[in-house]
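Chemist: Please read through the structure below; I'll follow up with questions.
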Amino acid sequence: MDNRQAVGSWLSGPRAAMEDAGADFGYRGEQLGLPEQGPGSIARPGRRLAALAVDWGLCLLIAYGLIADSYNEAAQVWGPLILLVLMVLTLGTVGCTPGKRLLRLRVVALGTGRVQPLRALLRTVLLFLALPALIWDRDGRGLHDRLAGTVEVRL
């Protein structure tokens, strides 16, 4: 192995180095029985983050327009509370928030396909802790999804 290959494997990460060595990881969601592409496949991080940004913006708009007198109060107190309620209610009933619906995403439970309100509450609380959402497995699911037994898929 020359220096270019060593540096290239270091820059591309351990997964790429293992794949170059012959390991077959499959595609994201293969272990869960999900398709590789199209409807029902694992949602990509960019879409998930964009959906969260849309939901956050909507909650800030509601908080600033209807409840709070200032933007600081809306962003620090009411925005997160409205987002928590929005996520628990919408994920626990229809499986997607307005931002997820706009970006054609849905949260489903692995066994049943439908997210129960308690699972939605657990998932949302863990998402609010931030750290579980930043720890991902090889299928692209955050720790908050793994602990709640859910997965975010494309519609």
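Letters A, B, ... mark the chains of the structure tokens in the order given; residue numbers begin at 1 per chain; ligand numbers begin at 1, in order shown.
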List as a PDB file with N, CA, C and O atoms, in the first residue's frame the protein and nucleic acid residues near Pro117 in chain A, meaning an atom at most 8 Å away when only C-alpha atoms are counted, but skip any in the same chain fewer than 4 places from it.
Modeler:
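Below is the file that was written, selection.pdb:
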ATOM      1  N   VAL A  88     -45.088  15.141  19.352  1.00  0.00           N
ATOM      2  CA  VAL A  88     -45.750  14.027  20.036  1.00  0.00           C
ATOM      3  C   VAL A  88     -47.129  13.778  19.442  1.00  0.00           C
ATOM      4  O   VAL A  88     -47.494  12.637  19.147  1.00  0.00           O
ATOM      5  N   LEU A  89     -47.894  14.838  19.233  1.00  0.00           N
ATOM      6  CA  LEU A  89     -49.255  14.672  18.712  1.00  0.00           C
ATOM      7  C   LEU A  89     -49.276  14.176  17.269  1.00  0.00           C
ATOM      8  O   LEU A  89     -50.032  13.267  16.932  1.00  0.00           O
ATOM      9  N   LEU A  91     -46.712  12.768  15.372  1.00  0.00           N
ATOM     10  CA  LEU A  91     -46.061  11.472  15.158  1.00  0.00           C
ATOM     11  C   LEU A  91     -46.886  10.336  15.753  1.00  0.00           C
ATOM     12  O   LEU A  91     -46.939   9.242  15.201  1.00  0.00           O
ATOM     13  N   GLY A  92     -47.538  10.609  16.875  1.00  0.00           N
ATOM     14  CA  GLY A  92     -48.345   9.587  17.534  1.00  0.00           C
ATOM     15  C   GLY A  92     -49.679   9.328  16.854  1.00  0.00           C
ATOM     16  O   GLY A  92     -50.341   8.339  17.154  1.00  0.00           O
ATOM     17  N   THR A  93     -50.102  10.193  15.957  1.00  0.00           N
ATOM     18  CA  THR A  93     -51.395  10.000  15.278  1.00  0.00           C
ATOM     19  C   THR A  93     -51.229   9.698  13.797  1.00  0.00           C
ATOM     20  O   THR A  93     -51.680   8.662  13.325  1.00  0.00           O
ATOM     21  N   LEU A 121     -43.625   9.989  22.172  1.00  0.00           N
ATOM     22  CA  LEU A 121     -43.138  10.791  23.298  1.00  0.00           C
ATOM     23  C   LEU A 121     -41.694  10.437  23.630  1.00  0.00           C
ATOM     24  O   LEU A 121     -40.848  11.332  23.798  1.00  0.00           O
TER      25      LEU A 121
END
Chemist: Just the residues within 10 Å of Trp136 in chain A, please, counting only C-alpha atoms, with nothing from its chain fewer than 5 positions along; format it as a ChimeraX atom specification.
Modeler: /A:141-146
Chemist: Rank A:Ala130, A:Leu66, A:Leu32, A:Leu60 by their smallest atom-to-atom distance to Gly149 in chain A, using only C-alpha atoms, and report the top residue only.
Modeler: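 Nearest candidate to Gly149 in chain A out of A:Ala130, A:Leu66, A:Leu32, A:Leu60: A:Leu32.
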Chemist: Using only C-alpha atoms, which residues sit within 12 Å of Tyr71 in chain A once same-chain residues fewer than 6 positions away are excluded, as a ChimeraX atom specification?
Modeler: /A:59-65,77-79
Chemist: Only C-alpha atoms, please: the residues just picked out, written as a PDB file, in the first residue's frame.
Modeler:
ATOM      1  CA  CYS A  59     -43.287  26.538  15.890  1.00  0.00           C
ATOM      2  CA  LEU A  60     -41.348  29.792  16.216  1.00  0.00           C
ATOM      3  CA  LEU A  61     -43.880  31.505  13.979  1.00  0.00           C
ATOM      4  CA  ILE A  62     -46.751  30.223  16.125  1.00  0.00           C
ATOM      5  CA  ALA A  63     -44.997  31.182  19.362  1.00  0.00           C
ATOM      6  CA  TYR A  64     -44.023  34.661  18.184  1.00  0.00           C
ATOM      7  CA  GLY A  65     -47.328  35.420  16.489  1.00  0.00           C
ATOM      8  CA  VAL A  77     -39.521  29.199  26.026  1.00  0.00           C
ATOM      9  CA  TRP A  78     -42.527  28.722  23.797  1.00  0.00           C
ATOM     10  CA  GLY A  79     -40.921  27.470  20.571  1.00  0.00           C
TER      11      GLY A  79
END
Chemist: Select, from A:Leu105, A:Val125, A:Met87, A:Ala133, the residue with the minimum atom-to-atom distance to Arg44 in chain A, counting only C-alpha atoms.
Modeler: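 Among the listed residues, A:Leu105 lies closest to Arg44 in chain A.
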Chemist: DSSP says alpha helix (DSSP H) for which residues of range 87-150 of chain A? Put them as a PyMOL selection string?
Modeler: chain A and resi 87-93+98-102+117-128+131-134+143-148
Chemist: Write the selection just made, keeping N, CA and C atoms, as a tab-separated table (two decimals), in the first residue's frame?
Modeler:
chain	number	residue	atom	x	y	z
A	87	MET	N	-44.67	17.49	17.80
A	87	MET	CA	-44.07	16.22	17.42
A	87	MET	C	-44.78	15.04	18.07
A	88	VAL	N	-45.09	15.14	19.35
A	88	VAL	CA	-45.75	14.03	20.04
A	88	VAL	C	-47.13	13.78	19.44
A	89	LEU	N	-47.89	14.84	19.23
A	89	LEU	CA	-49.25	14.67	18.71
A	89	LEU	C	-49.28	14.18	17.27
A	90	THR	N	-48.46	14.76	16.42
A	90	THR	CA	-48.52	14.38	15.00
A	90	THR	C	-47.84	13.03	14.73
A	91	LEU	N	-46.71	12.77	15.37
A	91	LEU	CA	-46.06	11.47	15.16
A	91	LEU	C	-46.89	10.34	15.75
A	92	GLY	N	-47.54	10.61	16.87
A	92	GLY	CA	-48.34	9.59	17.53
A	92	GLY	C	-49.68	9.33	16.85
A	93	THR	N	-50.10	10.19	15.96
A	93	THR	CA	-51.40	10.00	15.28
A	93	THR	C	-51.23	9.70	13.80
A	98	PRO	N	-45.65	18.38	10.10
A	98	PRO	CA	-45.83	19.15	8.85
A	98	PRO	C	-44.55	19.23	8.02
A	99	GLY	N	-43.40	19.39	8.66
A	99	GLY	CA	-42.14	19.44	7.93
A	99	GLY	C	-41.81	18.11	7.26
A	100	LYS	N	-42.06	17.02	7.95
A	100	LYS	CA	-41.82	15.70	7.37
A	100	LYS	C	-42.77	15.44	6.20
A	101	ARG	N	-44.00	15.87	6.35
A	101	ARG	CA	-44.99	15.68	5.27
A	101	ARG	C	-44.59	16.48	4.04
A	102	LEU	N	-44.12	17.72	4.26
A	102	LEU	CA	-43.69	18.57	3.16
A	102	LEU	C	-42.52	17.94	2.41
A	117	PRO	N	-48.51	6.71	20.61
A	117	PRO	CA	-48.19	7.98	21.28
A	117	PRO	C	-47.06	7.89	22.30
A	118	LEU	N	-46.95	6.80	23.05
A	118	LEU	CA	-45.85	6.68	24.01
A	118	LEU	C	-44.50	6.56	23.32
A	119	ARG	N	-44.46	5.85	22.21
A	119	ARG	CA	-43.22	5.77	21.43
A	119	ARG	C	-42.85	7.13	20.87
A	120	ALA	N	-43.87	7.86	20.40
A	120	ALA	CA	-43.63	9.20	19.87
A	120	ALA	C	-43.09	10.12	20.97
A	121	LEU	N	-43.62	9.99	22.17
A	121	LEU	CA	-43.14	10.79	23.30
A	121	LEU	C	-41.69	10.44	23.63
A	122	LEU	N	-41.37	9.15	23.71
A	122	LEU	CA	-40.00	8.72	24.00
A	122	LEU	C	-39.05	9.22	22.92
A	123	ARG	N	-39.41	9.05	21.67
A	123	ARG	CA	-38.57	9.49	20.55
A	123	ARG	C	-38.34	10.99	20.60
A	124	THR	N	-39.38	11.75	20.89
A	124	THR	CA	-39.27	13.21	20.92
A	124	THR	C	-38.41	13.68	22.08
A	125	VAL	N	-38.60	13.10	23.25
A	125	VAL	CA	-37.80	13.49	24.41
A	125	VAL	C	-36.33	13.18	24.15
A	126	LEU	N	-36.04	12.03	23.57
A	126	LEU	CA	-34.65	11.69	23.26
A	126	LEU	C	-34.08	12.61	22.18
A	127	LEU	N	-34.91	13.02	21.23
A	127	LEU	CA	-34.46	13.96	20.21
A	127	LEU	C	-34.13	15.30	20.84
A	128	PHE	N	-34.91	15.72	21.82
A	128	PHE	CA	-34.65	16.99	22.50
A	128	PHE	C	-33.36	16.94	23.32
A	131	LEU	N	-28.06	14.46	22.05
A	131	LEU	CA	-26.99	13.48	21.92
A	131	LEU	C	-27.46	12.17	21.29
A	132	PRO	N	-28.62	11.61	21.68
A	132	PRO	CA	-29.05	10.39	21.02
A	132	PRO	C	-29.28	10.56	19.51
A	133	ALA	N	-29.68	11.75	19.09
A	133	ALA	CA	-29.90	11.97	17.66
A	133	ALA	C	-28.58	12.08	16.89
A	134	LEU	N	-27.49	12.35	17.58
A	134	LEU	CA	-26.19	12.49	16.93
A	134	LEU	C	-25.41	11.18	16.86
A	143	LEU	N	-29.86	7.09	17.67
A	143	LEU	CA	-30.10	6.33	18.89
A	143	LEU	C	-31.53	6.55	19.40
A	144	HIS	N	-32.08	7.74	19.16
A	144	HIS	CA	-33.46	8.01	19.58
A	144	HIS	C	-34.44	7.12	18.82
A	145	ASP	N	-34.16	6.84	17.54
A	145	ASP	CA	-35.00	5.93	16.77
A	145	ASP	C	-34.82	4.49	17.23
A	146	ARG	N	-33.60	4.10	17.50
A	146	ARG	CA	-33.35	2.72	17.95
A	146	ARG	C	-34.04	2.43	19.27
A	147	LEU	N	-33.92	3.35	20.23
A	147	LEU	CA	-34.52	3.13	21.54
A	147	LEU	C	-36.05	3.16	21.48
A	148	ALA	N	-36.61	3.94	20.57
A	148	ALA	CA	-38.07	4.00	20.43
A	148	ALA	C	-38.60	2.90	19.51
